[in-house]
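query09.pdb (PDB, C-alpha atoms, pLDDT in the B column) appears below.
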```
ATOM      1  CA  MET U   1      -5.437  12.270  18.168  1.00 59.00           C
ATOM      2  CA  GLU U   2      -2.437  10.512  16.662  1.00 61.00           C
ATOM      3  CA  LYS U   3       0.943   9.779  18.268  1.00 61.00           C
ATOM      4  CA  SER U   4       3.428   8.136  15.958  1.00 51.00           C
ATOM      5  CA  GLY U   5       5.704   8.613  12.998  1.00 63.00           C
ATOM      6  CA  ALA U   6       4.334   7.641   9.613  1.00 78.00           C
ATOM      7  CA  LYS U   7       0.641   6.773   9.713  1.00 90.00           C
ATOM      8  CA  ILE U   8      -0.001   3.106   8.884  1.00 95.00           C
ATOM      9  CA  VAL U   9      -3.764   2.999   9.567  1.00 95.00           C
ATOM     10  CA  LEU U  10      -6.558   5.462   8.789  1.00 94.00           C
ATOM     11  CA  VAL U  11      -9.113   5.502  11.651  1.00 93.00           C
ATOM     12  CA  TYR U  12     -12.596   6.908  11.039  1.00 92.00           C
ATOM     13  CA  PRO U  13     -15.006   8.356  11.929  1.00 90.00           C
ATOM     14  CA  THR U  14     -13.402  10.528  14.599  1.00 87.00           C
ATOM     15  CA  PRO U  15     -14.902  11.461  16.925  1.00 89.00           C
ATOM     16  CA  LEU U  16     -16.980   8.304  16.973  1.00 91.00           C
ATOM     17  CA  VAL U  17     -20.701   9.090  17.142  1.00 89.00           C
ATOM     18  CA  ILE U  18     -22.640   6.186  18.638  1.00 90.00           C
ATOM     19  CA  THR U  19     -26.427   6.259  18.339  1.00 88.00           C
ATOM     20  CA  LYS U  20     -29.103   4.732  20.541  1.00 84.00           C
ATOM     21  CA  GLN U  21     -31.320   2.596  18.348  1.00 72.00           C
ATOM     22  CA  LYS U  22     -35.093   2.757  18.799  1.00 74.00           C
ATOM     23  CA  ASN U  23     -36.413   0.295  21.433  1.00 76.00           C
ATOM     24  CA  SER U  24     -32.843  -0.778  22.258  1.00 79.00           C
ATOM     25  CA  ASN U  25     -30.786  -0.745  25.444  1.00 83.00           C
ATOM     26  CA  TYR U  26     -27.576   0.018  23.555  1.00 85.00           C
ATOM     27  CA  PHE U  27     -25.809   2.800  21.762  1.00 89.00           C
ATOM     28  CA  GLU U  28     -24.146   1.285  18.702  1.00 90.00           C
ATOM     29  CA  SER U  29     -21.670   2.282  16.000  1.00 92.00           C
ATOM     30  CA  LYS U  30     -18.830   0.933  13.900  1.00 93.00           C
ATOM     31  CA  LEU U  31     -15.196   2.028  13.881  1.00 95.00           C
ATOM     32  CA  ASN U  32     -13.373   1.619  10.549  1.00 95.00           C
ATOM     33  CA  LEU U  33      -9.645   0.827  10.363  1.00 96.00           C
ATOM     34  CA  SER U  34      -8.020   1.048   6.908  1.00 95.00           C
ATOM     35  CA  ASN U  35      -4.537  -0.416   6.435  1.00 95.00           C
ATOM     36  CA  LEU U  36      -2.428   2.025   4.362  1.00 94.00           C
ATOM     37  CA  THR U  37       0.537  -0.343   3.990  1.00 94.00           C
ATOM     38  CA  ASN U  38       1.478  -3.407   1.969  1.00 96.00           C
ATOM     39  CA  GLU U  39       2.031  -5.391   5.172  1.00 96.00           C
ATOM     40  CA  TYR U  40      -0.236  -7.056   7.703  1.00 97.00           C
ATOM     41  CA  VAL U  41      -1.128  -4.811  10.661  1.00 97.00           C
ATOM     42  CA  ILE U  42      -2.208  -5.981  14.121  1.00 98.00           C
ATOM     43  CA  PHE U  43      -4.106  -3.736  16.551  1.00 98.00           C
ATOM     44  CA  LYS U  44      -5.287  -3.642  20.140  1.00 97.00           C
ATOM     45  CA  LEU U  45      -8.085  -1.426  21.498  1.00 96.00           C
ATOM     46  CA  TYR U  46      -8.378  -0.178  25.094  1.00 95.00           C
ATOM     47  CA  ILE U  47     -11.516   1.430  26.649  1.00 91.00           C
ATOM     48  CA  ASN U  48     -11.456   3.795  29.634  1.00 88.00           C
ATOM     49  CA  GLN U  49     -15.040   2.781  30.597  1.00 86.00           C
ATOM     50  CA  ARG U  50     -14.844  -1.011  30.376  1.00 84.00           C
ATOM     51  CA  SER U  51     -18.014  -1.558  32.427  1.00 86.00           C
ATOM     52  CA  LEU U  52     -20.091   0.412  29.892  1.00 89.00           C
ATOM     53  CA  TYR U  53     -18.588  -0.593  26.552  1.00 92.00           C
ATOM     54  CA  SER U  54     -17.888  -3.638  24.446  1.00 92.00           C
ATOM     55  CA  ALA U  55     -15.691  -3.719  21.340  1.00 94.00           C
ATOM     56  CA  LYS U  56     -15.614  -6.690  18.973  1.00 95.00           C
ATOM     57  CA  PRO U  57     -12.919  -7.502  18.119  1.00 96.00           C
ATOM     58  CA  SER U  58     -10.696  -5.606  20.561  1.00 95.00           C
ATOM     59  CA  THR U  59      -7.542  -7.354  19.300  1.00 97.00           C
ATOM     60  CA  SER U  60      -7.289  -8.322  15.659  1.00 97.00           C
ATOM     61  CA  PHE U  61      -5.494  -7.717  12.337  1.00 98.00           C
ATOM     62  CA  ILE U  62      -5.905  -5.874   9.035  1.00 97.00           C
ATOM     63  CA  LYS U  63      -4.800  -7.310   5.702  1.00 96.00           C
ATOM     64  CA  PRO U  64      -2.628  -5.151   3.402  1.00 96.00           C
ATOM     65  CA  LYS U  65      -4.597  -2.305   1.780  1.00 94.00           C
ATOM     66  CA  GLU U  66      -7.873  -3.526   3.316  1.00 95.00           C
ATOM     67  CA  THR U  67     -10.295  -2.239   5.973  1.00 95.00           C
ATOM     68  CA  ALA U  68     -11.338  -3.903   9.226  1.00 96.00           C
ATOM     69  CA  HIS U  69     -14.362  -2.956  11.320  1.00 96.00           C
ATOM     70  CA  VAL U  70     -14.857  -2.883  15.095  1.00 96.00           C
ATOM     71  CA  LEU U  71     -18.423  -3.013  16.441  1.00 95.00           C
ATOM     72  CA  ILE U  72     -18.819  -0.663  19.407  1.00 93.00           C
ATOM     73  CA  LYS U  73     -21.686  -0.993  21.904  1.00 92.00           C
ATOM     74  CA  ARG U  74     -22.466   1.075  24.992  1.00 91.00           C
ATOM     75  CA  PHE U  75     -25.057   0.270  27.660  1.00 85.00           C
ATOM     76  CA  ALA U  76     -27.815   2.922  27.695  1.00 75.00           C
ATOM     77  CA  LYS U  77     -28.109   3.293  31.469  1.00 66.00           C
ATOM     78  CA  ASP U  78     -29.498   6.579  32.808  1.00 54.00           C
ATOM     79  CA  ASP U  79     -27.140   6.599  35.764  1.00 48.00           C
ATOM     80  CA  ASN U  80     -24.146   6.358  33.423  1.00 50.00           C
ATOM     81  CA  GLN U  81     -24.947   9.288  31.131  1.00 52.00           C
ATOM     82  CA  SER U  82     -22.811  11.640  33.255  1.00 46.00           C
ATOM     83  CA  SER U  83     -19.659  10.139  31.754  1.00 51.00           C
ATOM     84  CA  ALA U  84     -20.712  11.152  28.214  1.00 50.00           C
ATOM     85  CA  GLY U  85     -17.997  13.251  26.608  1.00 60.00           C
ATOM     86  CA  LYS U  86     -15.289  11.649  28.732  1.00 78.00           C
ATOM     87  CA  ASP U  87     -15.434   8.248  27.061  1.00 87.00           C
ATOM     88  CA  ARG U  88     -12.555   7.420  24.732  1.00 90.00           C
ATOM     89  CA  PHE U  89     -10.671   4.557  23.124  1.00 93.00           C
ATOM     90  CA  LEU U  90      -6.933   4.100  22.742  1.00 95.00           C
ATOM     91  CA  LEU U  91      -5.677   1.998  19.813  1.00 96.00           C
ATOM     92  CA  TYR U  92      -2.196   0.639  19.126  1.00 97.00           C
ATOM     93  CA  PHE U  93      -1.197  -0.471  15.620  1.00 97.00           C
ATOM     94  CA  TYR U  94       1.921  -2.327  14.464  1.00 97.00           C
ATOM     95  CA  THR U  95       3.028  -3.830  11.157  1.00 97.00           C
ATOM     96  CA  ILE U  96       4.171  -7.446  11.309  1.00 97.00           C
ATOM     97  CA  ASN U  97       6.396  -9.496   8.992  1.00 96.00           C
ATOM     98  CA  LYS U  98       4.101 -12.497   8.736  1.00 95.00           C
ATOM     99  CA  ILE U  99       0.637 -13.459   7.571  1.00 96.00           C
ATOM    100  CA  ILE U 100      -2.027 -13.353  10.306  1.00 96.00           C
ATOM    101  CA  ASN U 101      -5.003 -15.647   9.754  1.00 96.00           C
ATOM    102  CA  ASP U 102      -7.259 -14.993  12.752  1.00 96.00           C
ATOM    103  CA  ASN U 103      -7.699 -13.014  15.968  1.00 96.00           C
ATOM    104  CA  GLU U 104      -5.993 -15.665  18.091  1.00 96.00           C
ATOM    105  CA  GLU U 105      -2.816 -15.306  16.030  1.00 97.00           C
ATOM    106  CA  ALA U 106      -3.029 -11.525  16.459  1.00 97.00           C
ATOM    107  CA  LYS U 107      -3.348 -11.928  20.250  1.00 96.00           C
ATOM    108  CA  GLU U 108      -0.366 -14.290  20.285  1.00 96.00           C
ATOM    109  CA  ALA U 109       1.667 -11.804  18.223  1.00 96.00           C
ATOM    110  CA  PHE U 110       0.978  -9.081  20.821  1.00 96.00           C
ATOM    111  CA  LYS U 111       1.813 -11.456  23.654  1.00 96.00           C
ATOM    112  CA  SER U 112       5.077 -12.547  22.018  1.00 95.00           C
ATOM    113  CA  LYS U 113       5.929  -9.014  20.806  1.00 95.00           C
ATOM    114  CA  ILE U 114       6.930 -10.234  17.353  1.00 96.00           C
ATOM    115  CA  TYR U 115       5.628  -7.084  15.641  1.00 96.00           C
ATOM    116  CA  ASN U 116       7.729  -4.211  14.247  1.00 96.00           C
ATOM    117  CA  GLU U 117       8.039  -1.902  17.250  1.00 94.00           C
ATOM    118  CA  SER U 118       9.346   1.016  15.156  1.00 94.00           C
ATOM    119  CA  SER U 119       6.075   1.063  13.148  1.00 95.00           C
ATOM    120  CA  LYS U 120       3.918   1.857  16.200  1.00 95.00           C
ATOM    121  CA  GLN U 121       0.889   4.113  15.685  1.00 96.00           C
ATOM    122  CA  GLU U 122      -1.140   5.315  18.656  1.00 95.00           C
ATOM    123  CA  SER U 123      -4.652   6.737  18.098  1.00 94.00           C
ATOM    124  CA  MET U 124      -7.034   8.276  20.639  1.00 92.00           C
ATOM    125  CA  ILE U 125     -10.727   8.230  19.641  1.00 92.00           C
ATOM    126  CA  TYR U 126     -13.315  10.276  21.549  1.00 90.00           C
ATOM    127  CA  VAL U 127     -16.959   9.201  21.767  1.00 90.00           C
ATOM    128  CA  VAL U 128     -20.105  11.267  21.217  1.00 87.00           C
ATOM    129  CA  LEU U 129     -23.485   9.866  22.341  1.00 84.00           C
ATOM    130  CA  LYS U 130     -26.531  10.630  20.195  1.00 80.00           C
ATOM    131  CA  GLU U 131     -30.199   9.767  20.614  1.00 73.00           C
ATOM    132  CA  GLN U 132     -31.819   8.490  17.424  1.00 63.00           C
ATOM    133  CA  GLU U 133     -34.068  11.004  15.696  1.00 53.00           C
ATOM    134  CA  ASN U 134     -37.480   9.427  15.203  1.00 48.00           C
ATOM    135  CA  GLU U 135     -38.521  11.775  12.428  1.00 42.00           C
ATOM    136  CA  GLU U 136     -36.649  13.735   9.797  1.00 45.00           C
ATOM    137  CA  PHE U 137     -36.544  17.440  10.522  1.00 43.00           C
ATOM    138  CA  ASP U 138     -38.562  19.406   7.988  1.00 45.00           C
ATOM    139  CA  ILE U 139     -36.181  22.084   6.733  1.00 44.00           C
ATOM    140  CA  THR U 140     -38.935  24.024   4.939  1.00 45.00           C
ATOM    141  CA  PRO U 141     -39.847  27.183   6.907  1.00 47.00           C
ATOM    142  CA  GLN U 142     -43.410  27.002   8.241  1.00 49.00           C
ATOM    143  CA  ILE U 143     -45.168  30.375   8.054  1.00 49.00           C
ATOM    144  CA  ASP U 144     -48.550  30.831   9.687  1.00 50.00           C
ATOM    145  CA  GLU U 145     -50.378  33.004   7.145  1.00 49.00           C
ATOM    146  CA  ASN U 146     -53.237  33.680   9.598  1.00 52.00           C
ATOM    147  CA  ASN U 147     -50.801  35.328  12.015  1.00 52.00           C
ATOM    148  CA  LEU U 148     -49.437  37.485   9.215  1.00 51.00           C
ATOM    149  CA  GLU U 149     -52.927  38.594   8.211  1.00 52.00           C
ATOM    150  CA  GLU U 150     -53.806  39.477  11.815  1.00 52.00           C
ATOM    151  CA  ILE U 151     -50.830  41.784  12.222  1.00 53.00           C
ATOM    152  CA  GLY U 152     -52.611  44.774  10.685  1.00 54.00           C
ATOM    153  CA  ALA U 153     -51.332  47.945  12.367  1.00 55.00           C
ATOM    154  CA  ASP U 154     -50.092  46.086  15.446  1.00 57.00           C
ATOM    155  CA  TYR U 155     -46.362  46.625  14.804  1.00 56.00           C
ATOM    156  CA  THR U 156     -45.344  45.138  18.159  1.00 65.00           C
ATOM    157  CA  LYS U 157     -47.080  41.878  17.329  1.00 57.00           C
ATOM    158  CA  GLY U 158     -45.619  41.961  13.806  1.00 62.00           C
ATOM    159  CA  ILE U 159     -42.087  42.423  15.114  1.00 67.00           C
ATOM    160  CA  GLN U 160     -42.492  39.487  17.520  1.00 64.00           C
ATOM    161  CA  ILE U 161     -43.889  37.219  14.774  1.00 64.00           C
ATOM    162  CA  TYR U 162     -41.028  38.063  12.457  1.00 66.00           C
ATOM    163  CA  LYS U 163     -38.505  37.577  15.296  1.00 67.00           C
ATOM    164  CA  ASP U 164     -39.933  34.112  15.924  1.00 65.00           C
ATOM    165  CA  LEU U 165     -39.812  33.322  12.216  1.00 68.00           C
ATOM    166  CA  ASN U 166     -36.242  34.578  11.962  1.00 71.00           C
ATOM    167  CA  GLU U 167     -35.168  32.443  14.937  1.00 65.00           C
ATOM    168  CA  LYS U 168     -36.757  29.349  13.420  1.00 64.00           C
ATOM    169  CA  MET U 169     -35.031  29.988  10.093  1.00 72.00           C
ATOM    170  CA  ARG U 170     -31.734  30.458  11.951  1.00 69.00           C
ATOM    171  CA  GLN U 171     -32.152  27.075  13.668  1.00 66.00           C
ATOM    172  CA  GLU U 172     -33.037  25.409  10.369  1.00 67.00           C
ATOM    173  CA  SER U 173     -29.996  27.024   8.749  1.00 72.00           C
ATOM    174  CA  ASN U 174     -27.763  25.613  11.502  1.00 71.00           C
ATOM    175  CA  LEU U 175     -29.269  22.151  10.952  1.00 67.00           C
ATOM    176  CA  ILE U 176     -28.611  22.395   7.207  1.00 77.00           C
ATOM    177  CA  ASN U 177     -24.981  23.420   7.845  1.00 74.00           C
ATOM    178  CA  GLN U 178     -24.567  20.515  10.257  1.00 68.00           C
ATOM    179  CA  ARG U 179     -25.885  18.054   7.685  1.00 67.00           C
ATOM    180  CA  ILE U 180     -23.610  19.551   5.032  1.00 78.00           C
ATOM    181  CA  LYS U 181     -20.613  18.920   7.311  1.00 72.00           C
ATOM    182  CA  GLU U 182     -21.748  15.316   7.898  1.00 69.00           C
ATOM    183  CA  LEU U 183     -22.073  14.803   4.132  1.00 69.00           C
ATOM    184  CA  GLU U 184     -18.617  16.296   3.585  1.00 73.00           C
ATOM    185  CA  LYS U 185     -17.187  13.817   6.095  1.00 70.00           C
ATOM    186  CA  ALA U 186     -18.966  10.942   4.347  1.00 67.00           C
ATOM    187  CA  ILE U 187     -17.647  12.101   0.960  1.00 74.00           C
ATOM    188  CA  SER U 188     -14.144  12.365   2.413  1.00 74.00           C
ATOM    189  CA  MET U 189     -14.378   8.767   3.718  1.00 71.00           C
ATOM    190  CA  ILE U 190     -15.566   7.567   0.301  1.00 72.00           C
ATOM    191  CA  LYS U 191     -12.627   9.342  -1.367  1.00 73.00           C
ATOM    192  CA  ASN U 192     -10.197   7.738   1.082  1.00 75.00           C
ATOM    193  CA  GLN U 193     -11.714   4.325   0.369  1.00 71.00           C
ATOM    194  CA  GLN U 194     -11.309   4.940  -3.369  1.00 74.00           C
ATOM    195  CA  ILE U 195      -7.669   5.943  -2.883  1.00 84.00           C
ATOM    196  CA  LEU U 196      -7.041   2.782  -0.855  1.00 78.00           C
ATOM    197  CA  LYS U 197      -8.743   0.682  -3.533  1.00 74.00           C
ATOM    198  CA  GLU U 198      -6.635   2.284  -6.290  1.00 79.00           C
ATOM    199  CA  ASP U 199      -3.439   1.772  -4.251  1.00 80.00           C
ATOM    200  CA  LYS U 200      -4.369  -1.865  -3.713  1.00 79.00           C
ATOM    201  CA  GLU U 201      -5.033  -2.420  -7.429  1.00 79.00           C
ATOM    202  CA  LYS U 202      -1.766  -0.684  -8.308  1.00 81.00           C
ATOM    203  CA  ALA U 203       0.139  -2.869  -5.843  1.00 80.00           C
ATOM    204  CA  ILE U 204      -1.388  -5.995  -7.418  1.00 81.00           C
ATOM    205  CA  ILE U 205      -0.471  -4.794 -10.928  1.00 82.00           C
ATOM    206  CA  ASP U 206       3.090  -3.961  -9.826  1.00 77.00           C
ATOM    207  CA  ARG U 207       3.406  -7.380  -8.202  1.00 78.00           C
ATOM    208  CA  LYS U 208       2.242  -9.117 -11.374  1.00 75.00           C
ATOM    209  CA  ALA U 209       4.605  -7.028 -13.510  1.00 76.00           C
ATOM    210  CA  LYS U 210       7.501  -7.855 -11.209  1.00 76.00           C
ATOM    211  CA  THR U 211       6.667 -11.566 -11.360  1.00 74.00           C
ATOM    212  CA  LYS U 212       6.473 -11.427 -15.156  1.00 73.00           C
ATOM    213  CA  ASN U 213       9.820  -9.615 -15.363  1.00 74.00           C
ATOM    214  CA  ASN U 214      11.400 -12.232 -13.111  1.00 73.00           C
ATOM    215  CA  GLN U 215      10.027 -15.015 -15.305  1.00 75.00           C
ATOM    216  CA  ASN U 216      11.353 -13.315 -18.457  1.00 76.00           C
ATOM    217  CA  TYR U 217      14.723 -12.838 -16.754  1.00 76.00           C
ATOM    218  CA  HIS U 218      14.963 -16.541 -15.898  1.00 76.00           C
ATOM    219  CA  LYS U 219      13.942 -17.491 -19.444  1.00 77.00           C
ATOM    220  CA  ASN U 220      16.663 -15.261 -20.887  1.00 79.00           C
ATOM    221  CA  ILE U 221      19.258 -16.745 -18.538  1.00 83.00           C
ATOM    222  CA  MET U 222      18.245 -20.278 -19.600  1.00 82.00           C
ATOM    223  CA  LEU U 223      18.399 -19.326 -23.295  1.00 82.00           C
ATOM    224  CA  ILE U 224      21.856 -17.786 -22.926  1.00 85.00           C
ATOM    225  CA  SER U 225      23.024 -20.832 -20.966  1.00 82.00           C
ATOM    226  CA  LEU U 226      21.782 -23.169 -23.705  1.00 83.00           C
ATOM    227  CA  ILE U 227      23.535 -21.093 -26.380  1.00 86.00           C
ATOM    228  CA  LEU U 228      26.814 -21.144 -24.435  1.00 82.00           C
ATOM    229  CA  LEU U 229      26.446 -24.863 -23.842  1.00 83.00           C
ATOM    230  CA  GLY U 230      25.890 -25.415 -27.577  1.00 80.00           C
ATOM    231  CA  LEU U 231      28.970 -23.357 -28.415  1.00 82.00           C
ATOM    232  CA  MET U 232      31.066 -25.326 -25.943  1.00 81.00           C
ATOM    233  CA  ILE U 233      29.834 -28.647 -27.339  1.00 83.00           C
ATOM    234  CA  GLY U 234      30.466 -27.411 -30.881  1.00 77.00           C
ATOM    235  CA  ALA U 235      34.003 -26.332 -29.995  1.00 75.00           C
ATOM    236  CA  ASN U 236      34.754 -29.675 -28.357  1.00 76.00           C
ATOM    237  CA  LEU U 237      33.411 -31.544 -31.363  1.00 76.00           C
ATOM    238  CA  ALA U 238      35.543 -29.400 -33.694  1.00 73.00           C
ATOM    239  CA  ASN U 239      38.665 -30.181 -31.656  1.00 75.00           C
ATOM    240  CA  LEU U 240      37.807 -33.871 -31.722  1.00 74.00           C
ATOM    241  CA  PHE U 241      37.370 -33.878 -35.520  1.00 71.00           C
ATOM    242  CA  ASN U 242      40.683 -32.009 -35.933  1.00 73.00           C
ATOM    243  CA  LYS U 243      42.518 -34.586 -33.856  1.00 73.00           C
ATOM    244  CA  ILE U 244      40.976 -37.493 -35.819  1.00 73.00           C
ATOM    245  CA  PHE U 245      41.814 -35.811 -39.131  1.00 68.00           C
ATOM    246  CA  ASN U 246      45.448 -35.107 -38.080  1.00 71.00           C
ATOM    247  CA  ASN U 247      45.916 -38.696 -36.939  1.00 70.00           C
ATOM    248  CA  TYR U 248      44.495 -39.942 -40.226  1.00 65.00           C
ATOM    249  CA  LYS U 249      46.969 -37.766 -42.223  1.00 63.00           C
ATOM    250  CA  THR U 250      49.900 -38.927 -40.118  1.00 65.00           C
ATOM    251  CA  ASN U 251      49.067 -42.550 -40.689  1.00 60.00           C
TER     252      ASN U 251
END
```
As structure tokens, please, write out the structure in this file.
Amino acid sequence: MEKSGAKIVLVYPTPLVITKQKNSNYFESKLNLSNLTNEYVIFKLYINQRSLYSAKPSTSFIKPKETAHVLIKRFAKDDNQSSAGKDRFLLYFYTINKIINDNEEAKEAFKSKIYNESSKQESMIYVVLKEQENEEFDITPQIDENNLEEIGADYTKGIQIYKDLNEKMRQESNLINQRIKELEKAISMIKNQQILKEDKEKAIIDRKAKTKNNQNYHKNIMLISLILLGLMIGANLANLFNKIFNNYKTN
């Protein structure tokens, strides 16, 4: 959920799915923050369940046209699972008219409020907890041929077997659709990264072209100045020769 004017940072994935790793006491994931501007951006992250979560870094910066990452961890305590679905993060983003070198400078910028207040972007990220799947789900329908052979004239048994098979295929179809959606999200993130990369390269090219144009402009100004200076010196020399020649004729 976004609350702001023009978006300055792309936040993904949303919702944030954090997975419990095998033999671990934590749910873990990574939140990606892509700066869409040509300025430095500082951000601050707030958690509504501070006793359960850690976010590193929670206050930091993003360079122009680059992506920063926040490592999210959640304690896997059984007595805390009831809050699942209610957990969320609130992020504030601001552009700033200076170069930020480290997290301490970002914290100081927030403390001193030297950011551009009109650029504020507010993003709410919801959290989804997910247990790690130990084995890949086999999406190939498993048909027990022995059961099919035993059906014979027992239509009731045949109907039940085919109902069970149909239900299993329906579940597998839902799993396939879910994975397709996850792949579509991943492809969308890759496309956004490519767009950001192209924008960054274009900005660099434009900056170089502008610098080159400025250099050519200064060279042209210097050349014109030298020409004018030469003309002025030539005119003064001509006047001097005329005066000498006139004095010589008079004498």
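The two atoms in question, atom CA of U:Leu33 and atom CA of U:Asn177, are spaced 27.4 Å apart.
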query = So what does the PyMOL selection byres ((chain U and resi 17) around 6) actually pick up in this one, as a ChimeraX atom specification?
reply = /U:16,18,127-129
task = Report as a ChimeraX atom specification the residues that result from applying the PyMOL selection byres ((chain U and resi 66-77) around 6) to the structure here.
result = /U:25-35,52-57,62-65,78-80
request  = For U:Ile8, work out the shell of residues within 9 Å, counting all atoms listed in the file and skipping chain neighbours fewer than 5 positions away, then give it as a PyMOL selection string.
outcome  = chain U and resi 34-37+41+93-95+119-121
ask   = How would you write, as a list in words, the residues chosen by the PyMOL selection byres ((chain U and resi 90) around 9) on this structure?
value = Lys44, Leu45, Tyr46, Ile47, Asn48, Arg88, Phe89, Leu91, Tyr92, Glu122, Ser123, Met124, Ile125 and Tyr126 of chain U
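With atom CA of U:Met189 on one side and atom CA of U:Asn103 on the other, the separation reads 25.9 Å.
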inquiry  = If I take atom CA of U:Glu198 and atom CA of U:Leu10, how far is one from the other in Å, to one decimal?
reply    = 15.4 Å
Expected axis-aligned box over every listed atom of stretch 27-36 of chain U, 3 Å added per side, centre plus edges in Å to one decimal, as lines of an AutoDock Vina configuration file:
```
center_x = -14.1
center_y = 1.2
center_z = 13.1
size_x = 29.4
size_y = 9.2
size_z = 23.4
```
Repaired coordinates for stretch 200-221 of chain U (N, CA and C atoms) as a compact mmCIF listing (two decimals), in the coordinates of the input:
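Final file, selection.txt:
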```txt
# COMPACT_ATOMS: atom_id res chain seq x y z
N LYS U 200 -4.39 -0.41 -3.77
CA LYS U 200 -4.37 -1.86 -3.71
C LYS U 200 -4.27 -2.46 -5.11
N GLU U 201 -5.07 -1.92 -6.05
CA GLU U 201 -5.03 -2.42 -7.43
C GLU U 201 -3.67 -2.17 -8.07
N LYS U 202 -3.09 -1.00 -7.77
CA LYS U 202 -1.77 -0.68 -8.31
C LYS U 202 -0.71 -1.64 -7.77
N ALA U 203 -0.82 -1.94 -6.47
CA ALA U 203 0.14 -2.87 -5.84
C ALA U 203 0.05 -4.25 -6.48
N ILE U 204 -1.20 -4.69 -6.78
CA ILE U 204 -1.39 -6.00 -7.42
C ILE U 204 -0.78 -6.00 -8.82
N ILE U 205 -1.02 -4.90 -9.57
CA ILE U 205 -0.47 -4.79 -10.93
C ILE U 205 1.06 -4.78 -10.90
N ASP U 206 1.63 -4.02 -9.95
CA ASP U 206 3.09 -3.96 -9.83
C ASP U 206 3.67 -5.32 -9.47
N ARG U 207 2.94 -6.06 -8.60
CA ARG U 207 3.41 -7.38 -8.20
C ARG U 207 3.40 -8.34 -9.39
N LYS U 208 2.33 -8.26 -10.19
CA LYS U 208 2.24 -9.12 -11.37
C LYS U 208 3.34 -8.77 -12.38
N ALA U 209 3.57 -7.46 -12.56
CA ALA U 209 4.61 -7.03 -13.51
C ALA U 209 5.99 -7.49 -13.05
N LYS U 210 6.22 -7.41 -11.75
CA LYS U 210 7.50 -7.86 -11.21
C LYS U 210 7.69 -9.35 -11.40
N THR U 211 6.61 -10.11 -11.16
CA THR U 211 6.67 -11.57 -11.36
C THR U 211 6.94 -11.91 -12.82
N LYS U 212 6.28 -11.18 -13.72
CA LYS U 212 6.47 -11.43 -15.16
C LYS U 212 7.90 -11.10 -15.57
N ASN U 213 8.44 -10.00 -15.05
CA ASN U 213 9.82 -9.62 -15.36
C ASN U 213 10.80 -10.66 -14.86
N ASN U 214 10.52 -11.19 -13.65
CA ASN U 214 11.40 -12.23 -13.11
C ASN U 214 11.36 -13.50 -13.97
N GLN U 215 10.16 -13.83 -14.45
CA GLN U 215 10.03 -15.02 -15.30
C GLN U 215 10.78 -14.81 -16.62
N ASN U 216 10.63 -13.61 -17.21
CA ASN U 216 11.35 -13.32 -18.46
C ASN U 216 12.85 -13.35 -18.24
N TYR U 217 13.29 -12.85 -17.07
CA TYR U 217 14.72 -12.84 -16.75
C TYR U 217 15.27 -14.27 -16.69
N HIS U 218 14.52 -15.15 -16.01
CA HIS U 218 14.96 -16.54 -15.90
C HIS U 218 14.97 -17.23 -17.27
N LYS U 219 13.98 -16.91 -18.11
CA LYS U 219 13.94 -17.49 -19.44
C LYS U 219 15.16 -17.06 -20.26
N ASN U 220 15.50 -15.77 -20.15
CA ASN U 220 16.66 -15.26 -20.89
C ASN U 220 17.95 -15.91 -20.40
N ILE U 221 18.06 -16.10 -19.09
CA ILE U 221 19.26 -16.74 -18.54
C ILE U 221 19.36 -18.18 -19.07
```
